[in-house]
file target-v6.txt (compact mmCIF, C-alpha atoms)
# COMPACT_ATOMS: atom_id res chain seq x y z
CA LYS A 1 42.98 -36.34 29.35
CA LYS A 2 40.19 -34.69 31.33
CA GLY A 3 41.03 -31.28 32.73
CA HIS A 4 39.01 -31.63 35.95
CA ILE A 5 38.49 -28.39 37.80
CA MET A 6 36.72 -30.04 40.72
CA THR A 7 34.43 -32.91 41.43
CA LEU A 8 31.02 -31.82 42.65
CA THR A 9 28.74 -33.69 44.98
CA ILE A 10 25.31 -32.49 46.11
CA GLN A 11 26.88 -31.63 49.45
CA SER A 12 29.75 -29.61 47.99
CA LEU A 13 27.47 -27.93 45.44
CA PHE A 14 25.33 -26.26 48.12
CA ASN A 15 28.42 -25.31 50.11
CA GLU A 16 30.34 -23.86 47.17
CA PRO A 17 30.09 -20.06 47.56
CA ALA A 18 30.93 -19.34 43.91
CA ILE A 19 28.11 -21.55 42.60
CA VAL A 20 25.51 -20.49 45.18
CA GLY A 21 26.53 -16.88 44.51
CA ALA A 22 26.01 -17.40 40.77
CA VAL A 23 22.52 -18.82 41.35
CA ILE A 24 21.60 -15.93 43.65
CA ASN A 25 22.87 -13.40 41.10
CA ARG A 26 20.81 -15.02 38.40
CA VAL A 27 17.69 -14.90 40.60
CA LEU A 28 18.30 -11.22 41.29
CA GLN A 29 18.90 -10.36 37.64
CA THR A 30 15.99 -12.27 36.14
CA ARG A 31 13.47 -11.50 38.84
CA THR A 32 10.13 -11.16 37.10
CA ASP A 33 8.19 -11.69 40.32
CA ALA A 34 6.83 -8.35 41.39
CA ILE A 35 7.69 -7.35 44.94
CA TYR A 36 4.87 -5.01 45.88
CA TRP A 37 6.18 -3.48 49.10
CA GLN A 38 9.13 -1.87 47.28
CA GLU A 39 6.67 0.49 45.62
CA PHE A 40 6.12 2.12 49.03
CA LEU A 41 9.28 1.54 51.12
CA ASP A 42 13.06 1.79 50.73
CA TRP A 43 15.68 -0.27 52.57
CA ARG A 44 17.22 1.21 55.69
CA LYS A 45 19.60 -0.62 57.99
CA THR A 46 19.30 -0.61 61.76
CA THR A 47 22.24 -1.68 63.92
CA THR A 48 20.06 -2.67 66.87
CA ARG A 49 17.02 -4.93 66.84
CA VAL A 50 14.98 -2.34 68.73
CA PHE A 51 15.13 1.13 67.20
CA LYS A 52 13.67 4.51 67.95
CA ASP A 53 10.75 5.23 65.72
CA TYR A 54 9.50 8.80 65.45
CA ILE A 55 5.88 8.12 64.67
CA GLY A 56 4.24 11.07 66.33
CA SER A 57 2.81 11.32 69.78
CA VAL A 58 0.59 8.25 69.88
CA ARG A 59 1.41 5.76 72.61
CA GLY A 60 2.00 2.07 71.95
CA VAL A 61 2.43 2.69 68.27
CA MET A 62 4.18 -0.51 67.35
CA ALA A 63 3.51 -3.43 69.58
CA GLY A 64 6.49 -5.33 68.28
CA SER A 65 6.01 -9.03 68.73
CA ILE A 66 8.79 -11.44 68.13
CA ASN A 67 8.63 -14.25 65.63
CA SER A 68 10.46 -17.49 66.18
CA GLN A 69 12.98 -17.96 63.46
CA PHE A 70 12.24 -21.53 62.49
CA GLY A 71 9.34 -23.74 63.47
CA GLU A 72 11.34 -26.09 65.64
CA LYS A 73 13.07 -23.37 67.62
CA PRO A 74 11.28 -22.15 70.73
CA ILE A 75 9.47 -18.86 70.39
CA ARG A 76 11.91 -16.18 71.46
CA GLU A 77 11.04 -13.72 74.21
CA ARG A 78 7.97 -11.66 73.60
CA ARG A 79 7.47 -8.17 74.87
CA ASN A 80 5.44 -5.14 73.93
CA MET A 81 7.26 -1.99 73.01
CA GLY A 82 6.32 1.34 74.54
CA GLU A 83 5.80 4.52 72.65
CA GLY A 84 7.68 5.23 69.50
CA TYR A 85 9.75 2.07 69.20
CA GLY A 86 9.94 -0.44 66.41
CA GLU A 87 11.32 -3.94 66.67
CA ILE A 88 12.71 -6.13 63.96
CA ALA A 89 10.85 -9.39 63.18
CA TYR A 90 12.56 -12.67 62.41
CA LEU A 91 11.68 -14.22 59.08
CA GLY A 92 12.66 -17.73 58.12
CA ASP A 93 11.42 -20.88 56.43
CA ARG A 94 12.91 -24.20 55.46
CA TYR A 95 12.04 -25.85 52.17
CA GLN A 96 12.60 -29.55 51.73
CA MET A 97 13.94 -30.64 48.36
CA ASP A 98 12.22 -33.87 47.41
CA VAL A 99 14.08 -37.03 46.46
CA ASN A 100 13.05 -36.90 42.79
CA ARG A 101 14.50 -33.45 42.43
CA LEU A 102 17.68 -34.50 44.19
CA SER A 103 18.15 -37.53 41.93
CA GLU A 104 17.67 -35.33 38.85
CA LEU A 105 20.25 -32.99 40.31
CA GLN A 106 22.60 -35.95 40.87
CA ASP A 107 22.34 -36.83 37.16
CA LEU A 108 23.38 -33.28 36.25
CA LEU A 109 26.30 -33.49 38.70
CA ASP A 110 27.42 -36.82 37.19
CA LYS A 111 27.43 -35.19 33.74
CA TYR A 112 29.48 -32.32 35.12
CA ASN A 113 31.98 -34.61 36.82
CA GLU A 114 32.46 -36.69 33.67
CA ALA A 115 32.85 -33.70 31.33
CA ASN A 116 36.12 -32.14 30.23
CA ALA A 117 36.98 -28.53 31.12
CA THR A 118 34.96 -27.06 28.23
CA GLY A 119 32.01 -29.35 28.83
CA GLN A 120 32.01 -28.43 32.50
CA VAL A 121 31.07 -24.85 31.72
CA SER A 122 27.77 -25.79 30.04
CA ALA A 123 27.17 -28.61 32.55
CA LEU A 124 27.53 -26.11 35.39
CA ASN A 125 25.09 -23.79 33.64
CA ASP A 126 22.55 -26.63 33.55
CA ILE A 127 23.05 -27.17 37.30
CA ILE A 128 22.58 -23.46 38.03
CA SER A 129 19.41 -23.36 35.89
CA PHE A 130 18.08 -26.41 37.73
CA ILE A 131 18.54 -25.13 41.29
CA TYR A 132 17.59 -21.58 40.28
CA ASP A 133 13.93 -22.27 41.03
CA ASP A 134 14.64 -23.60 44.53
CA TYR A 135 16.60 -20.49 45.39
CA ARG A 136 14.01 -18.24 43.79
CA GLN A 137 11.33 -19.64 46.10
CA VAL A 138 13.55 -19.23 49.15
CA MET A 139 14.62 -15.69 48.28
CA LEU A 140 11.09 -14.51 47.51
CA ALA A 141 9.32 -15.91 50.56
CA ALA A 142 10.32 -13.12 52.96
CA HIS A 143 9.39 -10.46 50.39
CA LYS A 144 5.98 -12.03 49.86
CA ARG A 145 5.32 -12.08 53.61
CA MET A 146 6.22 -8.39 53.73
CA ASP A 147 3.95 -7.71 50.73
CA LEU A 148 1.04 -8.97 52.83
CA VAL A 149 2.13 -7.11 55.98
CA VAL A 150 2.70 -3.80 54.16
CA GLY A 151 -0.54 -4.21 52.15
CA ASP A 152 -2.48 -4.72 55.41
CA LEU A 153 -0.78 -1.76 57.09
CA LEU A 154 -1.51 0.60 54.22
CA MET A 155 -5.15 -0.38 53.79
CA THR A 156 -6.21 -0.95 57.40
CA GLY A 157 -3.44 0.49 59.61
CA LYS A 158 -3.04 -2.93 61.25
CA ALA A 159 -1.10 -6.09 60.50
CA SER A 160 -0.61 -9.30 62.40
CA VAL A 161 1.01 -12.60 61.55
CA ARG A 162 0.17 -15.74 63.45
CA ASN A 163 2.01 -19.05 63.59
CA LYS A 164 -0.57 -21.24 61.87
CA ASP A 165 1.77 -24.22 61.51
CA LYS A 166 1.43 -25.42 65.08
CA ALA A 167 -1.99 -24.03 65.94
CA VAL A 168 -5.22 -25.98 66.06
CA SER A 169 -7.15 -22.87 65.10
CA GLU A 170 -6.39 -19.34 64.02
CA GLN A 171 -7.52 -17.90 67.38
CA ASN A 172 -5.08 -19.77 69.59
CA ALA A 173 -2.12 -19.35 67.24
CA THR A 174 0.90 -17.54 68.64
CA GLU A 175 1.04 -14.02 67.34
CA PHE A 176 4.44 -13.34 65.81
CA LEU A 177 3.86 -9.82 64.70
CA ASN A 178 1.29 -7.26 65.66
CA ILE A 179 1.56 -3.70 64.41
CA GLU A 180 -1.03 -1.00 64.72
CA LEU A 181 -0.43 2.42 63.19
CA PRO A 182 -2.04 5.71 64.22
CA MET A 183 -3.37 6.55 60.77
CA ASN A 184 -6.11 9.08 60.15
CA ALA A 185 -8.84 6.42 59.91
CA ILE A 186 -12.33 7.43 58.80
CA GLU A 187 -15.16 4.91 59.03
CA LEU A 188 -18.00 5.59 56.61
CA GLN A 189 -21.66 4.99 57.44
CA ASP A 190 -24.49 4.80 54.90
CA SER A 191 -25.66 8.28 55.91
CA ASP A 192 -22.33 9.76 54.71
CA VAL A 193 -22.78 8.68 51.11
CA ILE A 194 -26.40 7.65 50.52
CA ASP A 195 -28.77 10.40 49.54
CA GLY A 196 -32.26 9.00 48.97
CA THR A 197 -31.73 6.35 46.30
CA LYS A 198 -28.40 7.77 45.16
CA LYS A 199 -24.95 6.80 46.33
CA LYS A 200 -22.63 9.80 46.18
CA MET A 201 -19.21 8.37 46.97
CA VAL A 202 -17.27 10.65 44.62
CA THR A 203 -18.90 13.82 46.03
CA TYR A 204 -18.16 12.54 49.55
CA LEU A 205 -14.47 12.00 48.71
CA MET A 206 -14.16 15.45 47.13
CA ASN A 207 -15.74 17.18 50.14
CA LYS A 208 -13.73 15.16 52.64
CA LEU A 209 -10.43 15.89 50.89
CA ASN A 210 -11.18 19.63 50.90
CA GLU A 211 -11.92 19.36 54.60
CA LEU A 212 -8.65 17.46 55.28
CA ALA A 213 -6.44 19.69 53.11
CA PRO A 214 -5.57 22.35 55.76
CA ASP A 215 -4.28 19.73 58.24
CA PHE A 216 -3.06 16.96 55.98
CA GLY A 217 -1.94 18.76 52.84
CA LYS A 218 -2.52 17.46 49.33
CA TYR A 219 -2.55 13.74 48.70
CA SER A 220 -0.71 12.45 45.65
CA LYS A 221 -2.57 9.17 45.20
CA MET A 222 -5.40 6.92 46.33
CA ILE A 223 -5.00 3.15 46.39
CA MET A 224 -7.80 0.60 46.42
CA SER A 225 -8.54 -2.90 45.19
CA ARG A 226 -10.42 -3.44 41.94
CA GLY A 227 -13.36 -4.83 43.95
CA THR A 228 -13.61 -1.57 45.90
CA PHE A 229 -13.29 0.49 42.72
CA ILE A 230 -16.09 -1.35 40.91
CA LYS A 231 -18.45 -1.47 43.89
CA HIS A 232 -17.99 1.99 45.36
CA ILE A 233 -16.62 4.26 42.63
CA ILE A 234 -18.15 2.96 39.38
CA GLY A 235 -21.14 1.90 41.51
CA SER A 236 -21.75 5.43 42.77
CA SER A 237 -24.72 7.17 41.18
CA GLU A 238 -22.86 10.27 40.01
CA PHE A 239 -20.05 8.41 38.32
CA GLY A 240 -21.69 8.26 34.91
CA ASP A 241 -22.99 11.86 34.87
CA MET A 242 -19.80 13.31 36.26
CA PHE A 243 -17.48 11.67 33.80
CA LYS A 244 -19.49 11.44 30.58
CA MET A 245 -18.05 14.70 29.35
CA GLN A 246 -14.48 13.57 29.93
CA LEU A 247 -14.89 10.04 28.66
CA GLY A 248 -15.59 10.42 24.97
CA SER A 249 -14.49 7.27 23.18
CA ASN A 250 -13.79 5.43 26.43
CA GLN A 251 -17.51 5.16 27.20
CA MET A 252 -17.69 1.43 26.46
CA TYR A 253 -15.10 0.56 29.10
CA LEU A 254 -17.31 1.79 31.88
CA SER A 255 -20.23 -0.48 31.22
CA THR A 256 -17.97 -3.54 31.47
CA GLY A 257 -15.99 -2.40 34.51
CA LEU A 258 -12.78 -2.65 32.48
CA VAL A 259 -11.47 0.67 33.66
CA THR A 260 -7.70 0.84 33.81
CA SER A 261 -5.85 2.67 36.56
CA ASP A 262 -4.70 5.25 34.01
CA LEU A 263 -8.18 6.00 32.74
CA ALA A 264 -9.54 6.25 36.28
CA SER A 265 -6.65 8.54 37.23
CA ASP A 266 -7.37 10.86 34.33
CA LEU A 267 -11.00 11.08 35.41
CA PHE A 268 -10.16 11.73 39.04
CA THR A 269 -7.41 14.27 38.51
CA GLY A 270 -9.76 16.00 36.06
CA ILE A 271 -12.15 16.83 38.92
CA GLY A 272 -9.41 17.66 41.43
CA LEU A 273 -9.12 14.28 43.21
CA PRO A 274 -5.75 12.50 43.64
CA ALA A 275 -4.59 9.99 41.03
CA ILE A 276 -6.03 6.54 41.66
CA GLU A 277 -4.21 3.21 41.63
CA ILE A 278 -6.29 0.07 41.27
CA LYS A 279 -4.54 -2.87 42.88
CA ASP A 280 -5.05 -6.45 41.71
CA ASP A 281 -2.19 -8.16 43.51
CA TYR A 282 -2.21 -11.59 45.13
CA VAL A 283 0.31 -13.60 47.12
CA LYS A 284 0.12 -17.35 47.70
CA GLU A 285 0.00 -18.13 51.43
CA GLN A 286 1.75 -21.15 53.00
CA ASN A 287 -1.54 -23.07 52.89
CA GLY A 288 -1.66 -22.69 49.10
CA LYS A 289 -4.49 -20.13 49.08
CA ASN A 290 -4.11 -16.91 47.13
CA VAL A 291 -4.48 -13.90 49.41
CA GLN A 292 -5.29 -10.38 48.26
CA VAL A 293 -2.46 -8.00 49.14
CA TYR A 294 -4.74 -4.94 49.35
CA ALA A 295 -8.00 -5.52 51.24
CA ASP A 296 -11.40 -4.81 49.70
CA GLY A 297 -13.54 -2.13 51.33
CA HIS A 298 -10.70 0.30 52.05
CA ILE A 299 -9.38 3.37 50.24
CA THR A 300 -6.02 4.77 51.34
CA LEU A 301 -4.66 8.22 50.52
CA LEU A 302 -0.88 8.60 50.43
CA PRO A 303 0.98 11.92 50.57
CA GLN A 304 3.73 10.59 48.26
CA ASP A 305 4.86 7.33 46.60
CA LYS A 306 7.35 6.28 49.26
CA VAL A 307 5.95 6.31 52.78
CA GLY A 308 8.72 4.76 54.86
CA TYR A 309 11.42 2.16 55.15
CA MET A 310 11.92 -1.57 55.36
CA ARG A 311 14.23 -1.61 58.36
CA TYR A 312 16.63 -4.55 58.37
CA HIS A 313 19.15 -5.94 60.79
CA THR A 314 22.03 -8.33 60.05
CA PRO A 315 20.95 -11.80 61.24
CA TYR A 316 22.83 -13.23 64.22
CA GLU A 317 23.74 -16.31 62.13
CA GLN A 318 26.03 -14.13 60.02
CA THR A 319 28.52 -13.87 62.89
CA ASP A 320 27.79 -17.14 64.67
CA PRO A 321 26.68 -19.72 62.07
CA VAL A 322 25.02 -22.97 63.06
CA PRO A 323 27.68 -25.73 62.69
CA GLY A 324 27.45 -27.51 59.34
CA MET A 325 25.55 -24.67 57.67
CA THR A 326 26.98 -22.51 54.93
CA TYR A 327 25.27 -19.13 54.78
CA THR A 328 25.32 -17.04 51.63
CA PRO A 329 24.27 -13.37 51.70
CA THR A 330 21.71 -12.42 49.05
CA GLY A 331 22.28 -8.70 48.75
CA ASP A 332 19.44 -6.43 49.84
CA GLY A 333 18.19 -6.57 53.40
CA ASP A 334 21.05 -8.80 54.60
CA MET A 335 19.03 -11.96 53.96
CA LEU A 336 21.03 -15.17 54.32
CA VAL A 337 20.34 -18.40 52.44
CA ALA A 338 21.70 -21.74 53.62
CA ALA A 339 21.44 -25.41 52.73
CA ASN A 340 21.68 -28.36 55.05
CA ARG A 341 21.01 -32.09 55.23
CA ASP A 342 19.56 -34.23 57.97
CA HIS A 343 18.16 -37.77 58.07
CA ASN A 344 14.85 -36.53 56.60
CA GLY A 345 16.29 -34.92 53.51
CA ARG A 346 17.98 -31.83 52.22
CA TYR A 347 16.72 -28.35 52.99
CA LEU A 348 17.18 -24.85 51.74
CA GLU A 349 16.37 -22.13 54.22
CA TYR A 350 16.57 -18.40 54.52
CA THR A 351 16.80 -16.09 57.48
CA ALA A 352 16.13 -12.36 57.52
CA GLU A 353 15.35 -9.71 60.11
CA TRP A 354 13.06 -7.03 58.70
CA ILE A 355 10.16 -4.83 59.74
CA PRO A 356 8.25 -2.19 57.77
CA GLN A 357 8.43 1.28 59.26
CA ILE A 358 5.82 3.71 57.96
CA ALA A 359 7.51 7.05 58.49
CA ASP A 360 4.56 9.32 59.23
CA PRO A 361 1.38 7.29 59.55
CA THR A 362 -0.58 10.16 61.10
CA LEU A 363 -0.55 11.87 57.69
CA ILE A 364 -1.99 8.87 55.83
CA THR A 365 -5.78 8.82 55.57
CA THR A 366 -7.64 5.56 55.20
CA PHE A 367 -11.38 5.25 54.50
CA ASP A 368 -13.05 2.14 55.86
CA LEU A 369 -16.07 1.29 53.70
CA THR A 370 -16.81 -2.11 55.25
CA LYS A 371 -19.90 -0.83 57.16
CA LEU A 372 -21.62 0.45 54.01
CA THR A 373 -24.63 -1.66 53.07
CA LYS A 374 -24.85 -0.54 49.43
call {"tool": "encode", "arguments": {"input": "target-v6.txt", "output": "structure tokens"}}
result
Amino acid sequence: KKGHIMTLTIQSLFNEPAIVGAVINRVLQTRTDAIYWQEFLDWRKTTTRVFKDYIGSVRGVMAGSINSQFGEKPIRERRNMGEGYGEIAYLGDRYQMDVNRLSELQDLLDKYNEANATGQVSALNDIISFIYDDYRQVMLAAHKRMDLVVGDLLMTGKASVRNKDKAVSEQNATEFLNIELPMNAIELQDSDVIDGTKKKMVTYLMNKLNELAPDFGKYSKMIMSRGTFIKHIIGSSEFGDMFKMQLGSNQMYLSTGLVTSDLASDLFTGIGLPAIEIKDDYVKEQNGKNVQVYADGHITLLPQDKVGYMRYHTPYEQTDPVPGMTYTPTGDGDMLVAANRDHNGRYLEYTAEWIPQIADPTLITTFDLTKLTK
């Protein structure tokens, strides 16, 4: 006689908290996908969507724009914040599960429903492994968006996100998010670093850091993309002469540009510059293109590893769920994941309310090298 625990349908599977919880736990435990923003920010809850943000005395620090939560909802109210306020952004996407995937899932459910109590354990494991990937995509999407926003903020002091889905062109797309930070931004001209035929970027950085030290203190690290490192640091005339003594057996790496972050850091700290981190990170955008997280042509100096918080707010849906939707919390940042079905298919969606808050942007220095011609 079969010891049935329960009969599962696709509908009940996505609404069964124990199973959805198990999938979410597995995603959290086996997460190999790097989340880049967590290198710089820690979670911090805010009980109100608008919060006081002590960013120094610059006016209009965060022009918080509001994102609509899902495409088909109207854009919520939009207003600009005055001085020293931050506002939480809405994050949300729906992913349609295609019919082929759903019929494969149905086969797994049939196996589960026909199995005896012992067989159901392994059958359920197969189901969890199968839908794991759908949940992984849903749970990572908000983090990946924040990777791009935080990467932009750190390298350029600005970040904006536009709604490209409905727009004919980038220019007339609704702006969901627009943050500008009062960083210590320095724009380099050729005359700063070019001396005759020589490009003296390393000397420039050393002099500039000495000049900044009394007001800004000592920086613990510099971040830049590999493109910037190869073009402006290895490409600077003094690089070879300056570091030959320290390099020894690592000489061959230089000629090929295969310098690791660690090797570069050793070289830089050896001459009194901050440790250097070469960033090679990419995120896939909604349009399928890979986007660099850290922009080329910028070098950013950070006073310490963590420079602020990812502020999060509990989504409204937690207390007032949309009828027919079962929301499951996913741990950090109060993100909710839900599944639903309409005449077009079955969807998984997430909703989260987050915004990065850089705690003291006035102490972060960013060098803009985009105007240099060599």
call {"tool": "residues_around", "arguments": {"input": "target-v6.txt", "residues": "Gly324 in chain A", "least_positions_apart": "3", "cutoff": "9 Å", "atoms": "only C-alpha atoms", "output": "count of residues only"}}
result
3
call {"tool": "residues_around", "arguments": {"input": "target-v6.txt", "residues": "Gln318 in chain A", "least_positions_apart": "3", "cutoff": "9 Å", "atoms": "all atoms listed in the file", "output": "NGL selection string"}}
result
:A and (314-315 or 321 or 327-329 or 336)
call {"tool": "closest_atom_pairs", "arguments": {"input": "target-v6.txt", "of": "range 13-58 of chain A", "to": "range 342-353 of chain A", "cutoff": "12 Å", "atoms": "only C-alpha atoms", "output": "CSV"}}
result
residue,atom,partner,partner_atom,distance
A:Phe14,CA,A:Leu348,CA,9.0
A:Asn15,CA,A:Leu348,CA,11.4
A:Val20,CA,A:Leu348,CA,11.5
A:Arg44,CA,A:Glu353,CA,11.9
A:Lys45,CA,A:Glu353,CA,10.3
A:Thr46,CA,A:Glu353,CA,10.1
A:Thr47,CA,A:Glu353,CA,11.2
A:Thr48,CA,A:Glu353,CA,10.8
A:Arg49,CA,A:Glu353,CA,8.4
A:Val50,CA,A:Glu353,CA,11.3
call {"tool": "atom_distance", "arguments": {"input": "target-v6.txt", "atom1": "CA of Ala117 in chain A", "atom2": "CA of Phe130 in chain A"}}
result
20.1 Å
call {"tool": "closest_residue", "arguments": {"input": "target-v6.txt", "among": "A:Tyr282, A:Tyr36, A:Phe268, A:Tyr219", "to": "His143 in chain A", "atoms": "only C-alpha atoms"}}
result
A:Tyr36
call {"tool": "atom_distance", "arguments": {"input": "target-v6.txt", "atom1": "CA of Arg94 in chain A", "atom2": "CA of Gly333 in chain A"}}
result
18.5 Å
call {"tool": "atom_distance", "arguments": {"input": "target-v6.txt", "atom1": "CA of Tyr309 in chain A", "atom2": "CA of Ala295 in chain A"}}
result
21.2 Å
call {"tool": "closest_residue", "arguments": {"input": "target-v6.txt", "among": "A:Gln120, A:Thr326, A:Asn125, A:Thr203", "to": "Val23 in chain A", "atoms": "all atoms listed in the file"}}
result
A:Asn125
call {"tool": "closest_residue", "arguments": {"input": "target-v6.txt", "among": "A:Thr362, A:Gln137, A:Thr7, A:Asn290", "to": "Val307 in chain A", "atoms": "only C-alpha atoms"}}
result
A:Thr362
call {"tool": "closest_atom_pairs", "arguments": {"input": "target-v6.txt", "of": "range 142-162 of chain A", "to": "range 364-369 of chain A", "cutoff": "12 Å", "atoms": "only C-alpha atoms", "output": "Markdown table"}}
result
| residue | atom | partner | partner_atom | distance |
| --- | --- | --- | --- | --- |
| A:Asp152 | CA | A:Thr366 | CA | 11.5 |
| A:Leu153 | CA | A:Thr366 | CA | 10.2 |
| A:Leu154 | CA | A:Thr366 | CA | 7.9 |
| A:Met155 | CA | A:Thr366 | CA | 6.6 |
| A:Thr156 | CA | A:Thr366 | CA | 7.0 |
| A:Gly157 | CA | A:Thr366 | CA | 7.9 |
| A:Lys158 | CA | A:Thr366 | CA | 11.4 |
call {"tool": "residues_near_point", "arguments": {"input": "target-v6.txt", "point": "(18.9, -33.4, 38.9)", "cutoff": "12 Å", "atoms": "all atoms listed in the file", "output": "PDB file with C-alpha atoms, in the coordinates of the input"}}
result
ATOM      1  CA  THR A   9      28.740 -33.690  44.980  1.00  0.00           C
ATOM      2  CA  ILE A  10      25.310 -32.490  46.110  1.00  0.00           C
ATOM      3  CA  MET A  97      13.940 -30.640  48.360  1.00  0.00           C
ATOM      4  CA  ASP A  98      12.220 -33.870  47.410  1.00  0.00           C
ATOM      5  CA  VAL A  99      14.080 -37.030  46.460  1.00  0.00           C
ATOM      6  CA  ASN A 100      13.050 -36.900  42.790  1.00  0.00           C
ATOM      7  CA  ARG A 101      14.500 -33.450  42.430  1.00  0.00           C
ATOM      8  CA  LEU A 102      17.680 -34.500  44.190  1.00  0.00           C
ATOM      9  CA  SER A 103      18.150 -37.530  41.930  1.00  0.00           C
ATOM     10  CA  GLU A 104      17.670 -35.330  38.850  1.00  0.00           C
ATOM     11  CA  LEU A 105      20.250 -32.990  40.310  1.00  0.00           C
ATOM     12  CA  GLN A 106      22.600 -35.950  40.870  1.00  0.00           C
ATOM     13  CA  ASP A 107      22.340 -36.830  37.160  1.00  0.00           C
ATOM     14  CA  LEU A 108      23.380 -33.280  36.250  1.00  0.00           C
ATOM     15  CA  LEU A 109      26.300 -33.490  38.700  1.00  0.00           C
ATOM     16  CA  ASP A 110      27.420 -36.820  37.190  1.00  0.00           C
ATOM     17  CA  LYS A 111      27.430 -35.190  33.740  1.00  0.00           C
ATOM     18  CA  TYR A 112      29.480 -32.320  35.120  1.00  0.00           C
ATOM     19  CA  ALA A 123      27.170 -28.610  32.550  1.00  0.00           C
ATOM     20  CA  LEU A 124      27.530 -26.110  35.390  1.00  0.00           C
ATOM     21  CA  ASP A 126      22.550 -26.630  33.550  1.00  0.00           C
ATOM     22  CA  ILE A 127      23.050 -27.170  37.300  1.00  0.00           C
ATOM     23  CA  ILE A 128      22.580 -23.460  38.030  1.00  0.00           C
ATOM     24  CA  SER A 129      19.410 -23.360  35.890  1.00  0.00           C
ATOM     25  CA  PHE A 130      18.080 -26.410  37.730  1.00  0.00           C
ATOM     26  CA  ILE A 131      18.540 -25.130  41.290  1.00  0.00           C
ATOM     27  CA  TYR A 132      17.590 -21.580  40.280  1.00  0.00           C
TER      28      TYR A 132
END
call {"tool": "closest_residue", "arguments": {"input": "target-v6.txt", "among": "A:Ser237, A:Ser12, A:Leu148, A:Arg136", "to": "Glu285 in chain A", "atoms": "only C-alpha atoms"}}
result
A:Leu148
call {"tool": "closest_residue", "arguments": {"input": "target-v6.txt", "among": "A:Glu114, A:Asp266, A:Asp320, A:Asp360", "to": "Leu302 in chain A", "atoms": "all atoms listed in the file"}}
result
A:Asp360
call {"tool": "closest_residue", "arguments": {"input": "target-v6.txt", "among": "A:Gly151, A:Ser122, A:Asp190, A:Ala185", "to": "Lys374 in chain A", "atoms": "only C-alpha atoms"}}
result
A:Asp190
call {"tool": "residues_near_point", "arguments": {"input": "target-v6.txt", "point": "(-15.0, 2.8, 40.8)", "cutoff": "10 Å", "atoms": "only C-alpha atoms", "output": "list of chain:residue names"}}
result
A:Met201, A:Val202, A:Met224, A:Ser225, A:Arg226, A:Gly227, A:Thr228, A:Phe229, A:Ile230, A:Lys231, A:His232, A:Ile233, A:Ile234, A:Gly235, A:Ser236, A:Phe239, A:Leu254, A:Gly257, A:Val259, A:Ala264, A:Ile276, A:Ile278
